$ cat query_29.csv   # CSV, C-alpha atoms and all ligand atoms
chain,number,residue,atom,x,y,z
A,1,MET,CA,23.8,-1.4,3.1
A,2,ALA,CA,22.9,-2.7,-0.3
A,3,LYS,CA,21.9,-1.5,-3.7
A,4,ARG,CA,18.7,-3.2,-5.0
A,5,PRO,CA,17.3,-3.6,-8.5
A,6,ILE,CA,14.9,-0.9,-9.6
A,7,ILE,CA,11.5,-2.1,-11.0
A,8,TRP,CA,10.5,-0.7,-14.3
A,9,ALA,CA,7.0,0.2,-15.5
A,10,PRO,CA,4.7,-1.3,-16.4
A,11,ASP,CA,4.6,-3.4,-13.3
A,12,PRO,CA,1.7,-4.0,-10.9
A,13,VAL,CA,3.9,-3.2,-7.9
A,14,LEU,CA,4.2,0.4,-9.1
A,15,LYS,CA,0.3,0.6,-9.2
A,16,THR,CA,-0.1,-0.5,-5.6
A,17,LYS,CA,-1.4,1.7,-2.8
A,18,CYS,CA,1.3,0.9,-0.2
A,19,ALA,CA,0.6,0.0,3.4
A,20,PRO,CA,1.4,2.3,6.3
A,21,VAL,CA,4.4,1.2,8.5
A,22,ALA,CA,3.2,0.2,12.0
A,23,MET,CA,6.6,0.7,13.7
A,24,VAL,CA,9.9,2.2,12.6
A,25,ASP,CA,12.2,-0.7,13.5
A,26,ASP,CA,15.6,-2.0,12.3
A,27,GLU,CA,14.0,-3.7,9.3
A,28,ILE,CA,12.6,-0.3,8.1
A,29,ARG,CA,15.9,1.4,8.8
A,30,THR,CA,17.7,-1.2,6.7
A,31,LEU,CA,15.1,-0.7,4.0
A,32,MET,CA,15.8,3.1,4.0
A,33,ASP,CA,19.6,2.5,3.9
A,34,ASP,CA,19.1,0.2,0.9
A,35,MET,CA,16.9,2.8,-0.8
A,36,LEU,CA,19.5,5.5,-0.3
A,37,ASP,CA,22.2,3.3,-1.7
A,38,THR,CA,20.0,2.5,-4.7
A,39,MET,CA,19.0,6.1,-5.2
A,40,TYR,CA,22.6,7.5,-5.0
A,41,ALA,CA,23.9,4.7,-7.3
A,42,ALA,CA,21.2,5.4,-10.0
A,43,PRO,CA,21.7,8.4,-9.5
A,44,GLY,CA,18.4,10.0,-8.5
A,45,ILE,CA,17.0,12.7,-6.1
A,46,GLY,CA,14.3,10.5,-4.6
A,47,LEU,CA,13.1,6.9,-4.3
A,48,ALA,CA,10.0,5.2,-3.1
A,49,ALA,CA,9.9,1.7,-1.5
A,50,PRO,CA,7.7,0.2,-4.3
A,51,GLN,CA,10.4,1.0,-6.8
A,52,ILE,CA,12.5,-1.7,-5.2
A,53,GLY,CA,9.4,-4.0,-4.8
A,54,VAL,CA,8.5,-3.1,-1.2
A,55,THR,CA,4.8,-2.0,-0.9
A,56,LYS,CA,5.3,0.1,2.3
A,57,ARG,CA,4.9,3.8,2.8
A,58,VAL,CA,8.6,4.7,2.9
A,59,ILE,CA,10.4,7.3,0.7
A,60,VAL,CA,13.8,8.9,0.7
A,61,VAL,CA,14.9,12.2,-1.0
A,62,ASP,CA,18.1,14.1,-1.4
A,63,VAL,CA,18.0,17.2,-3.6
A,64,SER,CA,21.5,18.5,-2.5
A,65,GLU,CA,23.8,19.8,-5.3
A,66,LYS,CA,26.7,17.6,-6.5
A,67,ASN,CA,29.3,19.9,-4.9
A,68,GLU,CA,27.4,19.9,-1.5
A,69,PRO,CA,27.5,17.2,1.2
A,70,ASN,CA,24.7,14.6,0.9
A,71,ALA,CA,21.5,15.7,2.7
A,72,PRO,CA,19.3,12.6,2.8
A,73,ILE,CA,15.8,12.7,4.2
A,74,CYS,CA,14.0,9.5,5.1
A,75,LEU,CA,10.2,9.7,5.5
A,76,VAL,CA,7.9,7.0,6.9
A,77,ASN,CA,4.2,7.3,6.4
A,78,PRO,CA,4.5,10.8,4.7
A,79,GLU,CA,1.3,12.7,4.5
A,80,LEU,CA,0.6,15.9,2.6
A,81,LEU,CA,-0.8,18.3,5.2
A,82,TRP,CA,-1.0,21.3,2.8
A,83,THR,CA,-0.3,22.2,-0.8
A,84,SER,CA,-0.1,25.7,-2.3
A,85,ASP,CA,-2.9,26.9,-4.6
A,86,GLU,CA,-0.2,28.2,-6.9
A,87,THR,CA,1.1,25.5,-9.3
A,88,ALA,CA,3.8,25.4,-11.9
A,89,PRO,CA,5.1,22.9,-14.5
A,90,HIS,CA,8.5,21.3,-14.1
A,91,GLU,CA,10.2,18.6,-16.1
A,92,GLU,CA,10.1,15.2,-14.3
A,93,GLY,CA,11.8,11.9,-14.9
A,94,CYS,CA,11.5,8.6,-13.0
A,95,LEU,CA,14.0,5.8,-12.3
A,96,SER,CA,11.1,3.4,-13.0
A,97,ILE,CA,10.5,5.0,-16.4
A,98,PRO,CA,14.0,5.3,-17.8
A,99,ASP,CA,14.8,7.9,-20.5
A,100,LEU,CA,11.4,9.5,-20.6
A,101,TYR,CA,10.8,13.1,-19.4
A,102,ALA,CA,7.8,15.4,-19.4
A,103,ASP,CA,6.5,18.5,-17.8
A,104,VAL,CA,4.2,17.9,-14.8
A,105,GLU,CA,2.1,20.7,-13.2
A,106,ARG,CA,2.1,20.5,-9.4
A,107,PRO,CA,1.6,22.8,-6.4
A,108,ILE,CA,4.9,24.8,-5.9
A,109,ALA,CA,5.0,24.4,-2.1
A,110,VAL,CA,3.9,21.6,0.3
A,111,LYS,CA,3.8,20.8,4.0
A,112,VAL,CA,4.4,17.1,4.8
A,113,ALA,CA,4.0,15.2,8.1
A,114,TYR,CA,6.1,12.0,8.5
A,115,LEU,CA,7.9,9.7,11.0
A,116,ASP,CA,11.7,10.0,10.9
A,117,ARG,CA,14.3,7.2,11.3
A,118,ASP,CA,13.7,7.1,15.0
A,119,GLY,CA,9.9,6.9,14.6
A,120,GLU,CA,9.6,10.6,15.8
A,121,LYS,CA,6.8,12.7,14.3
A,122,ARG,CA,8.1,15.5,12.2
A,123,GLU,CA,6.9,18.1,9.7
A,124,ILE,CA,8.7,19.6,6.7
A,125,GLU,CA,7.8,22.6,4.6
A,126,ALA,CA,9.3,22.6,1.1
A,127,GLU,CA,9.3,24.5,-2.1
A,128,GLY,CA,11.2,24.2,-5.4
A,129,LEU,CA,12.7,20.8,-6.3
A,130,LEU,CA,12.2,19.4,-2.9
A,131,ALA,CA,8.5,20.1,-3.0
A,132,ILE,CA,8.3,18.5,-6.5
A,133,CYS,CA,10.3,15.4,-5.4
A,134,LEU,CA,8.2,14.9,-2.2
A,135,GLN,CA,5.0,14.9,-4.3
A,136,HIS,CA,6.5,12.6,-6.9
A,137,GLU,CA,7.5,10.1,-4.2
A,138,ILE,CA,4.2,10.3,-2.2
A,139,ASP,CA,2.5,9.6,-5.5
A,140,HIS,CA,4.6,6.5,-5.9
A,141,ILE,CA,3.4,5.0,-2.6
A,142,ASP,CA,-0.2,5.7,-3.7
A,143,GLY,CA,0.5,3.8,-6.9
A,144,ILE,CA,0.7,6.9,-9.1
A,145,LEU,CA,3.4,7.6,-11.7
A,146,PHE,CA,4.3,11.0,-13.1
A,147,THR,CA,2.9,9.8,-16.4
A,148,ASP,CA,-0.6,9.5,-14.8
A,149,HIS,CA,-0.6,13.4,-14.6
A,150,LEU,CA,-0.2,13.7,-18.4
A,151,SER,CA,-2.8,13.8,-21.1
A,152,PRO,CA,-4.2,10.3,-22.1
A,153,LEU,CA,-2.5,10.7,-25.5
A,154,LYS,CA,0.9,11.4,-24.0
A,155,ARG,CA,0.5,8.7,-21.4
A,156,ASN,CA,-0.3,6.1,-24.0
A,157,MET,CA,2.7,7.1,-26.1
A,158,PHE,CA,4.9,6.8,-23.0
A,159,MET,CA,3.4,3.4,-22.0
A,160,LYS,CA,4.1,2.0,-25.4
A,161,LYS,CA,7.7,3.2,-25.2
A,162,MET,CA,8.1,1.6,-21.8
A,163,VAL,CA,6.7,-1.8,-22.9
A,164,LYS,CA,9.2,-1.7,-25.8
A,165,ALA,CA,12.1,-0.8,-23.6
A,166,LYS,CA,11.2,-3.5,-21.1
A,167,LYS,CA,11.0,-6.1,-23.8
A,168,ALA,CA,14.4,-5.0,-25.2
A,169,ARG,CA,15.9,-5.4,-21.7
A,170,ALA,CA,14.4,-8.9,-21.3
A,171,ARG,CA,15.9,-9.9,-24.6
A,172,GLU,CA,19.3,-8.5,-23.6
A,173,GLN,CA,19.2,-10.5,-20.3
A,174,ALA,CA,18.2,-13.7,-22.2
A,175,ALA,CA,21.1,-13.3,-24.7
A,201,LIG,O1,15.8,11.2,-9.9
A,201,LIG,C1,14.7,11.7,-10.0
A,201,LIG,N1,14.6,13.0,-10.5
A,201,LIG,C2,13.4,13.7,-10.6
A,201,LIG,C3,13.4,14.9,-11.4
A,201,LIG,C4,12.2,15.6,-11.4
A,201,LIG,C5,11.1,15.3,-10.7
A,201,LIG,C6,11.1,14.1,-9.9
A,201,LIG,C7,12.2,13.3,-9.9
A,201,LIG,S1,12.3,11.9,-8.9
A,201,LIG,C8,13.5,11.0,-9.8
A,201,LIG,C9,13.7,9.7,-9.0
A,201,LIG,C10,12.5,8.8,-8.9
A,201,LIG,O2,12.0,8.2,-9.8
A,201,LIG,N2,11.9,8.8,-7.8
A,201,LIG,O3,10.7,8.1,-7.6
A,202,NI,NI,9.8,8.0,-9.6
$ encode --input "query_29.csv" --output "structure tokens"
Amino acid sequence: MAKRPIIWAPDPVLKTKCAPVAMVDDEIRTLMDDMLDTMYAAPGIGLAAPQIGVTKRVIVVDVSEKNEPNAPICLVNPELLWTSDETAPHEEGCLSIPDLYADVERPIAVKVAYLDRDGEKREIEAEGLLAICLQHEIDHIDGILFTDHLSPLKRNMFMKKMVKAKKARAREQAA
């Protein structure tokens, strides 16, 4: 189990359409464990493999409340089978876009097919925060950030802020 550094936008790895996993083996299970460690440490409610530099179709989510036991879900090759016609805006943030938040309009309910930690085929139906998080993470493995759902004006503003923040961090690390 290990926490890994989170990659910040802009970075080409975050724009990559990730490759399907051929087999859920120990390497993938270790990747998922590391992703959970990284997500809980952040803390966050989801994480996609490209956020730690691995361009594979693997995501983890846990939308349990702080006072509840952890409820991690690990999804390999997740696929949106169905999305509701009804949509709603919800404020989103991203560990790869620190300190920036914006409303994103998405379907309020989804059905997702995936492989679990044992490589078994499963389906999950979700609404509320879990549905939002699943869509946010599936976007990541298609190279899409939540800022890509915003108006070009807002997206450009965010991108400029991200470039500035990344430069500031690079300066801090050099000092
Ligand atoms: O921790 C996270 N919170 C969050 C809040 C609203 C919508 C989506 C998210 S996902 C985010 C973690 C992250 O960046 N996952 O890719
Ligand atoms: Ni994210």
$ closest_atom_pairs --input "query_29.csv" --of "chain A" --to "ligand NI 202 (chain A)" --cutoff "8 Å" --atoms "all atoms listed in the file" --output "CSV"
residue,atom,partner,partner_atom,distance
A:Gly46,CA,A:NI202,NI,7.2
A:Leu47,CA,A:NI202,NI,6.3
A:Ala48,CA,A:NI202,NI,7.1
A:Gln51,CA,A:NI202,NI,7.6
A:Gly93,CA,A:NI202,NI,6.9
A:Cys94,CA,A:NI202,NI,3.8
A:Leu95,CA,A:NI202,NI,5.5
A:Ser96,CA,A:NI202,NI,5.9
A:Ile97,CA,A:NI202,NI,7.5
A:His136,CA,A:NI202,NI,6.3
A:Glu137,CA,A:NI202,NI,6.2
A:His140,CA,A:NI202,NI,6.6
A:Leu145,CA,A:NI202,NI,6.7
A:Phe146,CA,A:NI202,NI,7.2
$ closest_residue --input "query_29.csv" --among "A:Leu134, A:Val76, A:Met162, A:Ile124" --to "ligand LIG 201 (chain A)" --atoms "only C-alpha atoms and all ligand atoms"
A:Leu134
$ residues_around --input "query_29.csv" --residues "Ala102 of chain A" --least-positions-apart "3" --cutoff "8 Å" --atoms "all atoms listed in the file" --output "list in words"
His90, Glu91, Glu92 and Gly93 of chain A
$ write_last_selection --input "query_29.csv" --atoms "C-alpha atoms" --output "compact mmCIF listing (two decimals), keeping the file's coordinate frame"
# COMPACT_ATOMS: atom_id res chain seq x y z
CA HIS A 90 8.50 21.30 -14.10
CA GLU A 91 10.20 18.60 -16.10
CA GLU A 92 10.10 15.20 -14.30
CA GLY A 93 11.80 11.90 -14.90
$ atom_distance --input "query_29.csv" --atom1 "atom CA of Cys74 of chain A" --atom2 "atom CA of Glu127 of chain A"
17.3 Å
$ atom_distance --input "query_29.csv" --atom1 "atom CA of Asn156 of chain A" --atom2 "atom CA of Leu129 of chain A"
26.4 Å
$ closest_residue --input "query_29.csv" --among "A:Leu153, A:Ala126, A:Val61, A:Leu100" --to "Trp82 of chain A" --atoms "only C-alpha atoms"
A:Ala126
$ atom_distance --input "query_29.csv" --atom1 "atom CA of Glu125 of chain A" --atom2 "atom CA of Ile141 of chain A"
19.5 Å
$ closest_residue --input "query_29.csv" --among "A:Asp118, A:Asp62, A:Glu68, A:Glu172" --to "ligand LIG 201 (chain A)" --atoms "only C-alpha atoms and all ligand atoms"
A:Asp62
$ residues_around --input "query_29.csv" --residues "Arg117 of chain A" --least-positions-apart "3" --cutoff "10 Å" --atoms "only C-alpha atoms" --output "NGL selection string"
:A and (24-26 or 28-29 or 32 or 73-76 or 114 or 120-121)
$ closest_residue --input "query_29.csv" --among "A:Ala9, A:Ile45, A:Ala174, A:Val21" --to "ligand LIG 201 (chain A)" --atoms "only C-alpha atoms and all ligand atoms"
A:Ile45
$ closest_residue --input "query_29.csv" --among "A:Gly119, A:Pro50, A:Pro12, A:Pro78" --to "ligand LIG 201 (chain A)" --atoms "all atoms listed in the file"
A:Pro50
$ closest_residue --input "query_29.csv" --among "A:Ala165, A:Leu14, A:Met159, A:Val110" --to "ligand LIG 201 (chain A)" --atoms "all atoms listed in the file"
A:Leu14
$ residues_near_point --input "query_29.csv" --point "(13.0, -7.0, -17.1)" --cutoff "12 Å" --atoms "only C-alpha atoms" --output "list in words"
Pro5, Ile6, Ile7, Trp8, Ala9, Pro10, Asp11, Ser96, Met162, Val163, Lys164, Ala165, Lys166, Lys167, Ala168, Arg169, Ala170, Arg171, Glu172, Gln173 and Ala174 of chain A
$ write_last_selection --input "query_29.csv" --atoms "C-alpha atoms" --output "JSON list (two decimals), in the coordinates of the input"
[["chain", "number", "residue", "atom", "x", "y", "z"],
["A", 5, "PRO", "CA", 17.30, -3.60, -8.50],
["A", 6, "ILE", "CA", 14.90, -0.90, -9.60],
["A", 7, "ILE", "CA", 11.50, -2.10, -11.00],
["A", 8, "TRP", "CA", 10.50, -0.70, -14.30],
["A", 9, "ALA", "CA", 7.00, 0.20, -15.50],
["A", 10, "PRO", "CA", 4.70, -1.30, -16.40],
["A", 11, "ASP", "CA", 4.60, -3.40, -13.30],
["A", 96, "SER", "CA", 11.10, 3.40, -13.00],
["A", 162, "MET", "CA", 8.10, 1.60, -21.80],
["A", 163, "VAL", "CA", 6.70, -1.80, -22.90],
["A", 164, "LYS", "CA", 9.20, -1.70, -25.80],
["A", 165, "ALA", "CA", 12.10, -0.80, -23.60],
["A", 166, "LYS", "CA", 11.20, -3.50, -21.10],
["A", 167, "LYS", "CA", 11.00, -6.10, -23.80],
["A", 168, "ALA", "CA", 14.40, -5.00, -25.20],
["A", 169, "ARG", "CA", 15.90, -5.40, -21.70],
["A", 170, "ALA", "CA", 14.40, -8.90, -21.30],
["A", 171, "ARG", "CA", 15.90, -9.90, -24.60],
["A", 172, "GLU", "CA", 19.30, -8.50, -23.60],
["A", 173, "GLN", "CA", 19.20, -10.50, -20.30],
["A", 174, "ALA", "CA", 18.20, -13.70, -22.20]]
$ decode --input "query_29.csv" --residues "segment 32-152 of chain A" --atoms "C-alpha atoms" --output "PDB file, in the first residue's frame"
ATOM      1  CA  MET A  32      -6.178   0.091  -6.896  1.00  0.00           C
ATOM      2  CA  ASP A  33      -4.811  -0.139  -3.327  1.00  0.00           C
ATOM      3  CA  ASP A  34      -2.373   2.691  -4.062  1.00  0.00           C
ATOM      4  CA  MET A  35      -5.202   4.732  -5.602  1.00  0.00           C
ATOM      5  CA  LEU A  36      -7.340   4.243  -2.473  1.00  0.00           C
ATOM      6  CA  ASP A  37      -4.422   5.281  -0.210  1.00  0.00           C
ATOM      7  CA  THR A  38      -3.842   8.350  -2.376  1.00  0.00           C
ATOM      8  CA  MET A  39      -7.566   9.220  -2.453  1.00  0.00           C
ATOM      9  CA  TYR A  40      -8.084   8.855   1.329  1.00  0.00           C
ATOM     10  CA  ALA A  41      -4.912  10.840   2.086  1.00  0.00           C
ATOM     11  CA  ALA A  42      -5.933  13.740  -0.184  1.00  0.00           C
ATOM     12  CA  PRO A  43      -8.800  13.467   0.933  1.00  0.00           C
ATOM     13  CA  GLY A  44     -11.115  12.868  -2.011  1.00  0.00           C
ATOM     14  CA  ILE A  45     -14.227  10.872  -2.895  1.00  0.00           C
ATOM     15  CA  GLY A  46     -12.823   9.398  -6.117  1.00  0.00           C
ATOM     16  CA  LEU A  47      -9.628   8.918  -8.092  1.00  0.00           C
ATOM     17  CA  ALA A  48      -8.812   7.792 -11.635  1.00  0.00           C
ATOM     18  CA  ALA A  49      -5.572   6.002 -12.582  1.00  0.00           C
ATOM     19  CA  PRO A  50      -4.329   8.808 -14.907  1.00  0.00           C
ATOM     20  CA  GLN A  51      -4.308  11.152 -11.883  1.00  0.00           C
ATOM     21  CA  ILE A  52      -1.336   9.131 -10.600  1.00  0.00           C
ATOM     22  CA  GLY A  53       0.167   8.823 -14.077  1.00  0.00           C
ATOM     23  CA  VAL A  54      -1.210   5.394 -15.068  1.00  0.00           C
ATOM     24  CA  THR A  55      -3.176   5.515 -18.338  1.00  0.00           C
ATOM     25  CA  LYS A  56      -5.355   2.466 -17.616  1.00  0.00           C
ATOM     26  CA  ARG A  57      -9.148   2.287 -17.260  1.00  0.00           C
ATOM     27  CA  VAL A  58      -9.221   1.951 -13.478  1.00  0.00           C
ATOM     28  CA  ILE A  59     -11.156   4.163 -11.026  1.00  0.00           C
ATOM     29  CA  VAL A  60     -11.911   4.083  -7.309  1.00  0.00           C
ATOM     30  CA  VAL A  61     -14.706   5.879  -5.420  1.00  0.00           C
ATOM     31  CA  ASP A  62     -15.891   6.176  -1.824  1.00  0.00           C
ATOM     32  CA  VAL A  63     -18.722   8.592  -1.056  1.00  0.00           C
ATOM     33  CA  SER A  64     -19.307   7.359   2.516  1.00  0.00           C
ATOM     34  CA  GLU A  65     -19.759  10.030   5.209  1.00  0.00           C
ATOM     35  CA  LYS A  66     -16.893  10.829   7.599  1.00  0.00           C
ATOM     36  CA  ASN A  67     -18.718   9.188  10.537  1.00  0.00           C
ATOM     37  CA  GLU A  68     -19.443   6.020   8.542  1.00  0.00           C
ATOM     38  CA  PRO A  69     -17.064   3.119   7.848  1.00  0.00           C
ATOM     39  CA  ASN A  70     -15.168   3.385   4.546  1.00  0.00           C
ATOM     40  CA  ALA A  71     -17.050   1.982   1.553  1.00  0.00           C
ATOM     41  CA  PRO A  72     -14.524   1.823  -1.288  1.00  0.00           C
ATOM     42  CA  ILE A  73     -15.603   0.675  -4.754  1.00  0.00           C
ATOM     43  CA  CYS A  74     -12.901  -0.308  -7.269  1.00  0.00           C
ATOM     44  CA  LEU A  75     -13.963  -0.352 -10.921  1.00  0.00           C
ATOM     45  CA  VAL A  76     -11.955  -1.748 -13.840  1.00  0.00           C
ATOM     46  CA  ASN A  77     -13.046  -0.895 -17.407  1.00  0.00           C
ATOM     47  CA  PRO A  78     -16.150   0.995 -16.186  1.00  0.00           C
ATOM     48  CA  GLU A  79     -18.740   1.627 -18.871  1.00  0.00           C
ATOM     49  CA  LEU A  80     -21.819   3.867 -18.727  1.00  0.00           C
ATOM     50  CA  LEU A  81     -24.718   1.610 -19.749  1.00  0.00           C
ATOM     51  CA  TRP A  82     -27.431   4.177 -19.095  1.00  0.00           C
ATOM     52  CA  THR A  83     -27.767   7.786 -17.988  1.00  0.00           C
ATOM     53  CA  SER A  84     -30.991   9.505 -16.911  1.00  0.00           C
ATOM     54  CA  ASP A  85     -32.541  12.133 -19.186  1.00  0.00           C
ATOM     55  CA  GLU A  86     -32.921  14.326 -16.131  1.00  0.00           C
ATOM     56  CA  THR A  87     -29.833  16.410 -15.385  1.00  0.00           C
ATOM     57  CA  ALA A  88     -28.881  18.742 -12.561  1.00  0.00           C
ATOM     58  CA  PRO A  89     -25.984  21.050 -11.718  1.00  0.00           C
ATOM     59  CA  HIS A  90     -23.682  20.192  -8.805  1.00  0.00           C
ATOM     60  CA  GLU A  91     -20.488  21.831  -7.612  1.00  0.00           C
ATOM     61  CA  GLU A  92     -17.422  19.783  -8.542  1.00  0.00           C
ATOM     62  CA  GLY A  93     -13.784  19.904  -7.619  1.00  0.00           C
ATOM     63  CA  CYS A  94     -10.847  17.780  -8.740  1.00  0.00           C
ATOM     64  CA  LEU A  95      -7.652  16.702  -7.000  1.00  0.00           C
ATOM     65  CA  SER A  96      -5.824  17.442 -10.276  1.00  0.00           C
ATOM     66  CA  ILE A  97      -7.254  21.004 -10.338  1.00  0.00           C
ATOM     67  CA  PRO A  98      -6.585  22.150  -6.765  1.00  0.00           C
ATOM     68  CA  ASP A  99      -8.713  24.884  -5.194  1.00  0.00           C
ATOM     69  CA  LEU A 100     -11.001  25.417  -8.187  1.00  0.00           C
ATOM     70  CA  TYR A 101     -14.704  24.579  -7.976  1.00  0.00           C
ATOM     71  CA  ALA A 102     -17.576  25.022 -10.423  1.00  0.00           C
ATOM     72  CA  ASP A 103     -21.086  23.780 -11.104  1.00  0.00           C
ATOM     73  CA  VAL A 104     -21.275  20.986 -13.674  1.00  0.00           C
ATOM     74  CA  GLU A 105     -24.545  19.812 -15.235  1.00  0.00           C
ATOM     75  CA  ARG A 106     -24.793  16.014 -15.498  1.00  0.00           C
ATOM     76  CA  PRO A 107     -27.420  13.231 -15.587  1.00  0.00           C
ATOM     77  CA  ILE A 108     -28.655  12.623 -12.039  1.00  0.00           C
ATOM     78  CA  ALA A 109     -28.626   8.807 -12.276  1.00  0.00           C
ATOM     79  CA  VAL A 110     -26.424   6.266 -14.055  1.00  0.00           C
ATOM     80  CA  LYS A 111     -25.949   2.552 -14.574  1.00  0.00           C
ATOM     81  CA  VAL A 112     -22.338   1.386 -14.889  1.00  0.00           C
ATOM     82  CA  ALA A 113     -20.878  -1.991 -15.878  1.00  0.00           C
ATOM     83  CA  TYR A 114     -17.373  -2.856 -14.648  1.00  0.00           C
ATOM     84  CA  LEU A 115     -15.015  -5.582 -13.486  1.00  0.00           C
ATOM     85  CA  ASP A 116     -14.447  -5.850  -9.729  1.00  0.00           C
ATOM     86  CA  ARG A 117     -11.183  -6.642  -7.877  1.00  0.00           C
ATOM     87  CA  ASP A 118     -11.603 -10.321  -8.727  1.00  0.00           C
ATOM     88  CA  GLY A 119     -12.246  -9.636 -12.401  1.00  0.00           C
ATOM     89  CA  GLU A 120     -15.955 -10.477 -12.006  1.00  0.00           C
ATOM     90  CA  LYS A 121     -18.485  -8.615 -14.187  1.00  0.00           C
ATOM     91  CA  ARG A 122     -20.713  -6.352 -12.127  1.00  0.00           C
ATOM     92  CA  GLU A 123     -23.236  -3.546 -12.525  1.00  0.00           C
ATOM     93  CA  ILE A 124     -24.007  -0.632 -10.255  1.00  0.00           C
ATOM     94  CA  GLU A 125     -26.925   1.796 -10.324  1.00  0.00           C
ATOM     95  CA  ALA A 126     -26.257   5.131  -8.708  1.00  0.00           C
ATOM     96  CA  GLU A 127     -27.802   8.517  -8.032  1.00  0.00           C
ATOM     97  CA  GLY A 128     -26.778  11.545  -6.024  1.00  0.00           C
ATOM     98  CA  LEU A 129     -23.093  12.097  -5.231  1.00  0.00           C
ATOM     99  CA  LEU A 130     -22.095   8.567  -6.297  1.00  0.00           C
ATOM    100  CA  ALA A 131     -23.579   9.112  -9.778  1.00  0.00           C
ATOM    101  CA  ILE A 132     -21.712  12.419 -10.082  1.00  0.00           C
ATOM    102  CA  CYS A 133     -18.455  10.908  -8.874  1.00  0.00           C
ATOM    103  CA  LEU A 134     -18.689   7.906 -11.220  1.00  0.00           C
ATOM    104  CA  GLN A 135     -19.234  10.212 -14.201  1.00  0.00           C
ATOM    105  CA  HIS A 136     -16.359  12.494 -13.093  1.00  0.00           C
ATOM    106  CA  GLU A 137     -13.993   9.489 -12.833  1.00  0.00           C
ATOM    107  CA  ILE A 138     -15.123   7.867 -16.105  1.00  0.00           C
ATOM    108  CA  ASP A 139     -14.494  11.249 -17.756  1.00  0.00           C
ATOM    109  CA  HIS A 140     -10.917  11.141 -16.397  1.00  0.00           C
ATOM    110  CA  ILE A 141     -10.120   7.828 -18.119  1.00  0.00           C
ATOM    111  CA  ASP A 142     -11.424   9.359 -21.370  1.00  0.00           C
ATOM    112  CA  GLY A 143      -9.071  12.331 -20.918  1.00  0.00           C
ATOM    113  CA  ILE A 144     -11.866  14.710 -19.864  1.00  0.00           C
ATOM    114  CA  LEU A 145     -11.698  17.116 -16.901  1.00  0.00           C
ATOM    115  CA  PHE A 146     -14.722  18.746 -15.250  1.00  0.00           C
ATOM    116  CA  THR A 147     -13.520  22.059 -16.657  1.00  0.00           C
ATOM    117  CA  ASP A 148     -14.156  20.654 -20.162  1.00  0.00           C
ATOM    118  CA  HIS A 149     -17.897  20.807 -19.330  1.00  0.00           C
ATOM    119  CA  LEU A 150     -17.768  24.572 -18.635  1.00  0.00           C
ATOM    120  CA  SER A 151     -18.152  27.480 -21.038  1.00  0.00           C
ATOM    121  CA  PRO A 152     -14.961  28.289 -23.015  1.00  0.00           C
TER     122      PRO A 152
END
